[in-house]
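Everything below concerns the one structure shown next.
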Amino acid sequence: MSIIAHQLRVGKSLHLCMGCFTIKSEVTLSENSCNIFKDNFMKKILFLLVAFSAAAFANDGEVANQTLKAYSMIAAGLGLGLAALGGAIGMGHTAAATIAGTARNPGLGAKLMTTMFIALAMIEAQVIYALVIALIALYANPYLG
């Protein structure tokens, strides 16, 4: 078989489909599963294209404003949620590294703790910036006419 083969049979199957890379043990996947994924993906892209074109082709200014407000709410919620998720992951890694460093060298615990609090403040500042941008998108959107 070639390297670009759809399946590799060595007790495990290698499935390459739309950029995803999964190794399944003792399972073979057919070509139909790949085509179903492509069809659903194209349906989602088509749905988003139609949804976003509603604002572009709206003749009424009020409809365009309402659509833009709805998309601003969605963007603010997703953006703030992703920022909070990233901040939480970063804070967890920072705290874990500080605990590990203190366990290895207890004499440096105070210095590590100070550095950790500075790092946590910088991580939290990024989340606050995302909150400010979300509030601007919701309440002071410059694109609303």
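Residue names in the structure tokens use chain letters A, B, ... in the order shown, residue numbers from 1 in each chain, and ligand numbers from 1 in the order shown.
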Using only C-alpha atoms, I'd like a table of the residues in stretch 48-95 of chain A that come within 12 Å of stretch 105-121 of chain A; for each, show the closest atom pair and its distance in Å rounded to one decimal, ordered by chain and ascending number, as JSON lines.
```
{"residue": "A:Gly87", "atom": "CA", "partner": "A:Leu120", "partner_atom": "CA", "distance": 8.8}
{"residue": "A:Ala88", "atom": "CA", "partner": "A:Leu120", "partner_atom": "CA", "distance": 9.8}
{"residue": "A:Ile89", "atom": "CA", "partner": "A:Leu120", "partner_atom": "CA", "distance": 11.1}
{"residue": "A:Gly90", "atom": "CA", "partner": "A:Leu120", "partner_atom": "CA", "distance": 8.3}
{"residue": "A:Met91", "atom": "CA", "partner": "A:Leu120", "partner_atom": "CA", "distance": 6.1}
{"residue": "A:Gly92", "atom": "CA", "partner": "A:Leu120", "partner_atom": "CA", "distance": 9.5}
{"residue": "A:His93", "atom": "CA", "partner": "A:Leu120", "partner_atom": "CA", "distance": 10.2}
{"residue": "A:Thr94", "atom": "CA", "partner": "A:Met116", "partner_atom": "CA", "distance": 6.5}
{"residue": "A:Ala95", "atom": "CA", "partner": "A:Met116", "partner_atom": "CA", "distance": 7.0}
```
Take the residues from that selection and write them out as a short mmCIF file (atom, residue, chain, number, x, y, z; two decimals), in the first residue's frame, keeping N, CA and C atoms.
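So result-v4.cif came out as:
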```
data_model
loop_
_atom_site.label_atom_id
_atom_site.label_comp_id
_atom_site.auth_asym_id
_atom_site.auth_seq_id
_atom_site.Cartn_x
_atom_site.Cartn_y
_atom_site.Cartn_z
N GLY A 87 -7.65 31.25 29.79
CA GLY A 87 -7.11 31.76 31.04
C GLY A 87 -7.10 30.71 32.14
N ALA A 88 -8.15 29.91 32.21
CA ALA A 88 -8.22 28.87 33.23
C ALA A 88 -7.15 27.80 32.99
N ILE A 89 -6.95 27.43 31.75
CA ILE A 89 -5.91 26.44 31.44
C ILE A 89 -4.53 27.01 31.78
N GLY A 90 -4.30 28.26 31.42
CA GLY A 90 -3.01 28.90 31.73
C GLY A 90 -2.77 29.02 33.22
N MET A 91 -3.80 29.38 33.97
CA MET A 91 -3.65 29.48 35.42
C MET A 91 -3.39 28.12 36.05
N GLY A 92 -4.04 27.10 35.53
CA GLY A 92 -3.80 25.75 36.04
C GLY A 92 -2.37 25.30 35.81
N HIS A 93 -1.85 25.57 34.61
CA HIS A 93 -0.46 25.21 34.33
C HIS A 93 0.52 26.01 35.20
N THR A 94 0.21 27.27 35.41
CA THR A 94 1.07 28.11 36.25
C THR A 94 1.10 27.60 37.68
N ALA A 95 -0.05 27.29 38.22
CA ALA A 95 -0.10 26.79 39.60
C ALA A 95 0.58 25.43 39.71
#
```
Requested in this report: Just the residues within 10 Å of A:Lys69, please, counting only C-alpha atoms, with nothing from its chain fewer than 6 positions along; format it as a list in words.
Outcome: Val63, Ala75, Ala137, Leu138, Tyr139, Asn141, Tyr143 and Leu144 of chain A
Suppose we keep C-alpha atoms; can you now write the selection as a PDB file, in the first residue's frame?
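Contents of result_26.pdb, freshly written:
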```
ATOM      1  CA  VAL A  63     -33.224  44.078   9.814  1.00  0.00           C
ATOM      2  CA  ALA A  75     -19.353  36.648  19.001  1.00  0.00           C
ATOM      3  CA  ALA A 137     -19.299  44.718  20.765  1.00  0.00           C
ATOM      4  CA  LEU A 138     -22.530  44.502  22.760  1.00  0.00           C
ATOM      5  CA  TYR A 139     -23.141  48.075  23.916  1.00  0.00           C
ATOM      6  CA  ASN A 141     -20.794  48.683  18.510  1.00  0.00           C
ATOM      7  CA  TYR A 143     -21.063  49.287  13.048  1.00  0.00           C
ATOM      8  CA  LEU A 144     -24.641  49.762  14.170  1.00  0.00           C
TER       9      LEU A 144
END
```
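In this structure, atom CA of A:Glu124 sits 17.3 Å away from atom CA of A:Gly77.
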Report task. Using only C-alpha atoms, pick whichever of A:Ala84, A:Ala51, A:Ala70, A:Ala64 has the shortest atom-to-atom distance to A:Ala125. Result -> A:Ala84
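Counting only C-alpha atoms and comparing A:Gly79, A:Leu46, A:Ser53, A:Leu68, the residue that lies closest to A:Gln126 is A:Gly79.
Straight-line separation from atom CA of A:Ala130 to atom CA of A:Met73: 13.5 Å.
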